>>> print(open('entry_1.tsv').read())   # TSV, C-alpha atoms and all ligand atoms
chain	number	residue	atom	x	y	z
M	1	MET	CA	5.54	-0.73	25.97
M	2	TRP	CA	3.20	-3.24	24.41
M	3	VAL	CA	4.51	-6.78	24.46
M	4	PRO	CA	3.18	-9.05	21.70
M	5	VAL	CA	1.63	-12.30	22.83
M	6	GLN	CA	1.77	-15.11	20.32
M	7	ILE	CA	-1.17	-17.45	20.05
M	8	GLN	CA	-2.54	-19.83	17.45
M	9	GLY	CA	0.44	-20.21	15.20
M	10	GLY	CA	1.88	-16.80	15.64
M	11	HIS	CA	-1.06	-14.42	15.51
M	12	TYR	CA	-0.94	-11.45	17.77
M	13	ASN	CA	-3.40	-11.39	20.57
M	14	PRO	CA	-5.24	-8.09	20.19
M	15	ALA	CA	-5.22	-8.17	24.01
M	16	MET	CA	-8.26	-5.95	24.24
M	17	SER	CA	-11.87	-6.39	23.29
M	18	SER	CA	-11.76	-7.93	19.81
M	19	ASN	CA	-11.53	-11.59	18.91
M	20	PHE	CA	-10.29	-10.61	15.47
M	21	HIS	CA	-6.81	-9.94	14.20
M	22	PHE	CA	-7.29	-7.23	11.58
M	23	THR	CA	-8.53	-4.45	13.81
M	24	PHE	CA	-7.29	-0.89	13.42
M	25	GLN	CA	-6.15	-1.08	17.02
M	26	ASN	CA	-4.09	-4.20	16.44
M	27	LEU	CA	-2.59	-2.76	13.27
M	28	LYS	CA	-1.51	0.35	15.15
M	29	ARG	CA	0.20	-1.78	17.79
M	30	GLN	CA	2.03	-3.76	15.13
M	31	LEU	CA	3.20	-0.67	13.30
M	32	ALA	CA	4.36	0.79	16.59
M	33	ASP	CA	6.27	-2.43	17.07
M	34	VAL	CA	8.01	-1.90	13.72
M	35	LEU	CA	9.21	1.47	14.95
M	36	GLU	CA	10.25	0.07	18.31
M	37	ASN	CA	12.42	-2.42	16.45
M	38	GLY	CA	14.36	0.53	15.08
M	39	TYR	CA	12.92	0.92	11.60
M	40	GLN	CA	12.87	4.22	9.75
M	41	CYS	CA	9.61	4.54	7.83
M	42	THR	CA	9.36	6.04	4.39
M	43	THR	CA	6.99	6.39	1.47
M	44	CYS	CA	7.63	4.76	-1.90
M	45	ALA	CA	8.87	8.09	-3.28
M	46	GLY	CA	10.93	8.58	-0.13
M	47	TYR	CA	12.50	5.17	-0.68
M	48	VAL	CA	13.74	6.29	-4.10
M	49	GLU	CA	15.40	9.31	-2.46
M	50	LEU	CA	16.86	7.31	0.41
M	51	LYS	CA	18.18	4.66	-1.95
M	52	ARG	CA	20.07	7.34	-3.83
M	53	ILE	CA	21.88	8.55	-0.71
M	54	GLY	CA	22.02	5.25	1.19
M	55	LEU	CA	19.24	3.43	2.98
M	56	PRO	CA	19.08	3.39	6.78
M	57	PRO	CA	20.06	0.00	8.28
M	58	LEU	CA	16.39	-0.81	8.92
M	59	THR	CA	14.08	0.70	6.33
M	60	TRP	CA	10.31	0.29	6.27
M	61	VAL	CA	8.49	1.23	3.04
M	62	ASN	CA	4.85	1.87	3.89
M	63	ARG	CA	2.41	1.31	0.99
M	64	VAL	CA	-1.38	1.43	1.01
M	65	ASP	CA	-3.52	0.48	-1.99
M	66	ILE	CA	-6.95	2.08	-1.75
M	67	ASP	CA	-8.90	-0.66	-3.51
M	68	VAL	CA	-12.33	-0.14	-1.94
M	69	SER	CA	-12.61	2.28	0.97
M	70	VAL	CA	-11.40	5.87	1.07
M	71	PRO	CA	-12.87	6.53	4.55
M	72	LYS	CA	-10.87	3.61	5.90
M	73	ALA	CA	-7.80	4.97	4.13
M	74	GLY	CA	-8.40	8.07	6.20
M	75	ARG	CA	-8.38	5.92	9.31
M	76	LEU	CA	-5.03	4.42	8.31
M	77	ALA	CA	-3.62	7.88	7.70
M	78	GLY	CA	-4.80	8.83	11.16
M	79	ILE	CA	-2.89	5.89	12.62
M	80	PHE	CA	0.21	6.85	10.64
M	81	ASP	CA	-0.10	10.42	11.90
M	82	GLU	CA	-0.35	9.24	15.50
M	83	LEU	CA	2.78	7.14	15.01
M	84	GLY	CA	4.58	9.96	13.18
M	85	VAL	CA	5.12	8.00	9.96
M	86	LYS	CA	4.31	8.66	6.32
M	87	GLY	CA	2.82	6.29	3.78
M	88	THR	CA	2.06	6.12	0.08
M	89	PHE	CA	-1.63	5.84	-0.80
M	90	PHE	CA	-2.44	4.61	-4.32
M	91	VAL	CA	-5.75	5.92	-5.62
M	92	ARG	CA	-8.04	4.31	-8.21
M	93	LEU	CA	-9.99	6.46	-10.61
M	94	HIS	CA	-12.28	3.82	-12.13
M	95	ALA	CA	-13.45	1.80	-9.16
M	96	ASN	CA	-17.08	0.81	-8.95
M	97	GLU	CA	-16.52	0.86	-5.20
M	98	TYR	CA	-15.64	4.52	-4.80
M	99	ASN	CA	-15.52	7.89	-6.43
M	100	PRO	CA	-12.42	9.84	-5.33
M	101	PHE	CA	-14.29	13.02	-6.21
M	102	SER	CA	-17.31	12.32	-4.03
M	103	PHE	CA	-17.80	14.97	-1.35
M	104	GLU	CA	-16.48	12.90	1.53
M	105	ASN	CA	-13.78	10.95	-0.35
M	106	TYR	CA	-12.22	14.06	-1.85
M	107	LYS	CA	-12.11	15.61	1.59
M	108	VAL	CA	-10.44	12.52	3.05
M	109	LEU	CA	-7.88	12.27	0.23
M	110	LYS	CA	-7.01	15.95	0.54
M	111	ALA	CA	-6.48	15.47	4.27
M	112	ILE	CA	-4.17	12.54	3.54
M	113	ARG	CA	-2.21	14.73	1.14
M	114	ASP	CA	-2.12	17.64	3.58
M	115	ALA	CA	-0.77	15.40	6.34
M	116	GLY	CA	2.29	14.84	4.15
M	117	HIS	CA	1.54	11.39	2.81
M	118	GLU	CA	2.20	10.53	-0.82
M	119	LEU	CA	-0.70	10.07	-3.22
M	120	GLY	CA	0.09	7.77	-6.13
M	121	TYR	CA	-1.83	6.41	-9.08
M	122	HIS	CA	-3.32	2.90	-8.75
M	123	SER	CA	-3.24	1.80	-12.36
M	124	GLU	CA	-5.91	-0.14	-14.19
M	125	VAL	CA	-4.70	0.84	-17.64
M	126	ILE	CA	-4.80	-2.62	-19.22
M	127	ASP	CA	-8.37	-3.05	-17.98
M	128	GLN	CA	-9.27	0.35	-19.39
M	129	ALA	CA	-7.56	-0.22	-22.71
M	130	THR	CA	-9.32	-3.55	-23.12
M	131	ILE	CA	-12.80	-2.56	-21.97
M	132	TRP	CA	-12.83	0.80	-23.72
M	133	ASP	CA	-10.72	-0.15	-26.74
M	134	GLU	CA	-8.37	2.73	-26.04
M	135	ASP	CA	-4.61	3.07	-25.97
M	136	ALA	CA	-3.19	2.11	-22.57
M	137	LEU	CA	-0.54	4.81	-22.57
M	138	ALA	CA	-3.13	7.45	-23.41
M	139	CYS	CA	-5.29	6.14	-20.54
M	140	LEU	CA	-2.34	6.38	-18.18
M	141	ARG	CA	-1.44	9.91	-19.21
M	142	ARG	CA	-5.04	11.09	-18.94
M	143	ASP	CA	-5.53	9.49	-15.52
M	144	VAL	CA	-2.33	10.88	-14.06
M	145	ASP	CA	-3.20	14.30	-15.45
M	146	VAL	CA	-6.63	14.09	-13.83
M	147	LEU	CA	-5.20	12.92	-10.48
M	148	GLU	CA	-2.62	15.71	-10.51
M	149	ARG	CA	-5.26	18.32	-11.22
M	150	MET	CA	-7.68	16.89	-8.66
M	151	PHE	CA	-5.20	17.12	-5.84
M	152	ASP	CA	-2.77	19.73	-7.14
M	153	ILE	CA	0.10	17.27	-6.83
M	154	LYS	CA	2.87	15.79	-8.94
M	155	VAL	CA	2.30	12.05	-9.25
M	156	VAL	CA	5.71	10.40	-9.17
M	157	GLY	CA	4.68	6.81	-8.66
M	158	VAL	CA	2.36	4.22	-10.15
M	159	ALA	CA	1.24	0.89	-8.74
M	160	SER	CA	-0.78	-1.61	-10.71
M	161	HIS	CA	-4.11	-2.75	-9.32
M	162	GLY	CA	-5.07	-6.41	-9.49
M	163	GLY	CA	-8.77	-6.40	-10.26
M	164	MET	CA	-11.39	-8.85	-11.41
M	165	THR	CA	-10.89	-8.71	-15.18
M	166	GLY	CA	-8.36	-11.54	-15.29
M	167	LEU	CA	-5.99	-9.14	-17.01
M	168	ASN	CA	-2.74	-8.02	-15.45
M	169	ASN	CA	-2.30	-4.26	-15.34
M	170	LEU	CA	1.37	-4.82	-14.66
M	171	ASP	CA	1.70	-6.06	-18.26
M	172	PHE	CA	1.61	-2.42	-19.35
M	173	TRP	CA	5.21	-2.12	-18.17
M	174	ASN	CA	6.57	-4.94	-20.31
M	175	GLY	CA	9.30	-3.29	-22.34
M	176	LYS	CA	8.78	0.09	-20.65
M	177	LYS	CA	10.64	1.79	-17.84
M	178	PRO	CA	8.86	4.14	-15.44
M	179	SER	CA	11.52	6.77	-16.03
M	180	ASP	CA	10.76	6.69	-19.78
M	181	LEU	CA	7.32	8.03	-18.91
M	182	GLY	CA	8.51	10.52	-16.31
M	183	PHE	CA	7.78	8.46	-13.20
M	184	ALA	CA	10.17	7.77	-10.35
M	185	TYR	CA	8.90	4.22	-9.95
M	186	GLU	CA	6.28	1.54	-10.51
M	187	GLY	CA	5.44	-0.45	-7.38
M	188	TYR	CA	7.02	-3.69	-8.58
M	189	ASP	CA	9.58	-2.34	-11.01
M	190	GLU	CA	13.05	-3.79	-10.87
M	191	GLU	CA	14.96	-0.88	-12.33
M	192	GLU	CA	18.12	0.04	-10.48
M	193	GLU	CA	16.54	3.23	-9.11
M	194	PHE	CA	13.75	1.30	-7.35
M	195	GLY	CA	14.21	-2.50	-7.36
M	196	LEU	CA	12.21	-2.93	-4.18
M	197	PHE	CA	10.12	-6.10	-4.41
M	198	ASN	CA	12.98	-8.47	-5.25
M	199	ASN	CA	15.22	-7.02	-2.57
M	200	CYS	CA	12.97	-6.75	0.45
M	201	TYR	CA	10.88	-8.63	2.92
M	202	TYR	CA	7.37	-7.90	1.69
M	203	VAL	CA	4.39	-8.42	3.95
M	204	SER	CA	0.86	-7.98	2.60
M	205	ASP	CA	-2.70	-8.35	3.82
M	206	SER	CA	-3.94	-9.04	0.29
M	207	GLU	CA	-5.54	-12.32	1.33
M	208	TRP	CA	-7.86	-10.31	3.61
M	209	THR	CA	-7.96	-12.67	6.58
M	210	ARG	CA	-4.32	-13.64	6.77
M	211	TRP	CA	-0.90	-12.23	6.04
M	212	LYS	CA	1.37	-13.42	3.29
M	213	CYS	CA	4.96	-12.56	2.71
M	214	TYR	CA	7.67	-12.68	0.08
M	215	ASN	CA	11.39	-12.81	0.73
M	216	ASN	CA	13.31	-11.10	-2.09
M	217	GLY	CA	10.38	-11.68	-4.44
M	218	GLN	CA	9.80	-15.32	-3.51
M	219	LEU	CA	6.61	-16.34	-1.73
M	220	VAL	CA	7.35	-17.74	1.70
M	221	GLY	CA	4.83	-20.54	1.76
M	222	GLY	CA	2.93	-21.01	4.99
M	223	ASP	CA	4.40	-17.94	6.67
M	224	ARG	CA	1.35	-16.12	8.01
M	225	ARG	CA	3.20	-14.01	10.51
M	226	SER	CA	2.11	-10.41	10.90
M	227	ILE	CA	3.99	-7.19	10.24
M	228	GLY	CA	4.96	-6.82	13.87
M	229	GLU	CA	6.34	-10.33	14.05
M	230	HIS	CA	8.41	-9.84	10.90
M	231	ALA	CA	9.78	-6.58	12.26
M	232	ALA	CA	11.21	-8.50	15.18
M	233	ASP	CA	13.36	-10.39	12.66
M	234	LYS	CA	14.90	-7.07	11.62
M	235	HIS	CA	14.95	-7.66	7.87
M	236	PRO	CA	17.01	-4.70	6.59
M	237	LEU	CA	14.34	-3.66	4.07
M	238	LEU	CA	10.75	-4.26	5.14
M	239	HIS	CA	7.99	-3.40	2.68
M	240	THR	CA	4.40	-3.51	3.81
M	241	LEU	CA	1.37	-3.35	1.55
M	242	ILE	CA	-1.95	-2.95	3.31
M	243	HIS	CA	-5.49	-2.28	2.10
M	244	PRO	CA	-7.77	-0.02	4.15
M	245	GLU	CA	-10.82	-2.22	3.76
M	246	THR	CA	-9.09	-5.13	5.51
M	247	TYR	CA	-9.36	-3.32	8.85
M	248	PHE	CA	-12.25	-2.65	11.22
M	249	ASP	CA	-12.94	-1.65	14.79
M	250	ALA	CA	-14.93	-4.64	16.04
M	251	HIS	CA	-15.69	-6.94	13.12
M	252	PHE	CA	-15.40	-7.11	9.33
M	253	TYR	CA	-19.09	-6.55	8.60
M	254	GLU	CA	-19.55	-3.40	10.64
M	301	ZN	ZN	-5.35	-2.64	-5.83
>>> encode(input="entry_1.tsv", output="structure tokens", more="lines below")
Ligand SMILES: [Zn+2]
Amino acid sequence: MWVPVQIQGGHYNPAMSSNFHFTFQNLKRQLADVLENGYQCTTCAGYVELKRIGLPPLTWVNRVDIDVSVPKAGRLAGIFDELGVKGTFFVRLHANEYNPFSFENYKVLKAIRDAGHELGYHSEVIDQATIWDEDALACLRRDVDVLERMFDIKVVGVASHGGMTGLNNLDFWNGKKPSDLGFAYEGYDEEEEFGLFNNCYYVSDSEWTRWKCYNNGQLVGGDRRSIGEHAADKHPLLHTLIHPETYFDAHFYE
């Protein structure tokens, strides 16, 4: 069993060849550590189902936002497969950074789907509505329809992407409930059926070079501990959000 070594204010020592923290190898060790702490992993859609029947004592909701790199999303799925866990991968349709229908990306996303992971819609509907002068709801319906046809799936979940427009795609949900539009959840929605963010320990790599975490929706200032370290605290509901492009084999610029 791998034993974490804490150095430099609580960062894991990758203990192998890399000087860097956010390696695929280190991530895999940390996620394995979550499981060794007794967590049961689930997707976002799986969380909705489990919540209905009663959550396990230690529940880990595994979310991935594909902001930039589909190939690296494939790498994360490979790690999940090796660990025997499922995750939810939110897919953008309007990224400058990737085309989900490119030859390689489509292949990777289909493989993620076929491995039993959830594909969800990474929403940029306020950006679309503003830039294109279109109705946000119409944009949402069209995108979800496209994503469902692309991958022959039923999209049950939406998560809002935070891009570079200065607009907040989450604003779309002001005054709307996901269930009103036929969805099981939105990533941050606080409806009774989901209500995840304000009731969990949330650990994210969204600052790229360091972790940040929220306890029941409140930022825990200065807490840069990693997923593995938080798992050791055995928070009953652990929610991780990771981005494929954060991770690398040897260094960020490879
Ligand atoms: Zn995003």
>>> residues_around(input="entry_1.tsv", residues="range 131-137 of chain M", least_positions_apart="4", cutoff="12 Å", atoms="all atoms listed in the file", output="list in words")
His94, Ser123, Glu124, Val125, Ile126, Asp127, Arg141, Arg142, Asp143, Val144, Thr165, Leu167, Asn169, Leu170, Asp171, Phe172, Trp173, Lys176, Pro178, Asp180 and Leu181 of chain M
>>> atom_distance(input="entry_1.tsv", atom1="CA of Gly120 in chain M", atom2="CA of Asp233 in chain M")
29.3 Å
>>> residues_around(input="entry_1.tsv", residues="range 149-161 of chain M", least_positions_apart="5", cutoff="8 Å", atoms="only C-alpha atoms", output="PyMOL selection string")
chain M and resi 44-45+67+90+110+113+119-124+144+169-170+182-188
>>> closest_residue(input="entry_1.tsv", among="M:Ser69, M:Asn26, M:Gln40, M:Ser102", to="ligand ZN 301 (chain M)", atoms="only C-alpha atoms and all ligand atoms")
M:Ser69
>>> atom_distance(input="entry_1.tsv", atom1="CA of Gly195 in chain M", atom2="CA of Ile242 in chain M")
19.4 Å
>>> closest_residue(input="entry_1.tsv", among="M:Leu237, M:Ala115, M:Leu93, M:Ile227", to="ligand ZN 301 (chain M)", atoms="all atoms listed in the file")
M:Leu93
>>> residues_around(input="entry_1.tsv", residues="Trp211 in chain M", least_positions_apart="3", cutoff="12 Å", atoms="only C-alpha atoms", output="number ranges by chain")
M: 10-12, 21-22, 202-208, 214, 219-230, 240-243, 246
>>> closest_residue(input="entry_1.tsv", among="M:Arg92, M:Trp60, M:Val146, M:Met164", to="Asp33 in chain M", atoms="all atoms listed in the file")
M:Trp60
>>> closest_residue(input="entry_1.tsv", among="M:Ala231, M:Glu82, M:Asp249, M:Phe89", to="Glu36 in chain M", atoms="only C-alpha atoms")
M:Ala231
>>> closest_residue(input="entry_1.tsv", among="M:Leu27, M:Phe80, M:Asp114, M:Asp65", to="ligand ZN 301 (chain M)", atoms="only C-alpha atoms and all ligand atoms")
M:Asp65
>>> atom_distance(input="entry_1.tsv", atom1="CA of Gly38 in chain M", atom2="CA of Val85 in chain M")
12.9 Å
>>> axis_aligned_box(input="entry_1.tsv", around="range 150-158 of chain M", padding_each_side="4 Å", output="AutoDock Vina command-line options")
--center_x -1.0 --center_y 12.0 --center_z -8.0 --size_x 21.4 --size_y 23.5 --size_z 12.3
>>> residues_around(input="entry_1.tsv", residues="range 96-101 of chain M", least_positions_apart="4", cutoff="7 Å", atoms="only C-alpha atoms", output="VMD selection string")
chain M and resid 68 to 69 105 to 106
>>> closest_residue(input="entry_1.tsv", among="M:Asn216, M:Gln25, M:Thr209, M:Asn168", to="ligand ZN 301 (chain M)", atoms="only C-alpha atoms and all ligand atoms")
M:Asn168
>>> residues_near_point(input="entry_1.tsv", point="(16.9, -0.9, 7.7)", cutoff="10 Å", atoms="all atoms listed in the file", output="list in words")
Asn37, Gly38, Tyr39, Gln40, Cys41, Leu55, Pro56, Pro57, Leu58, Thr59, Trp60, Val61, Lys234, His235, Pro236, Leu237 and Leu238 of chain M
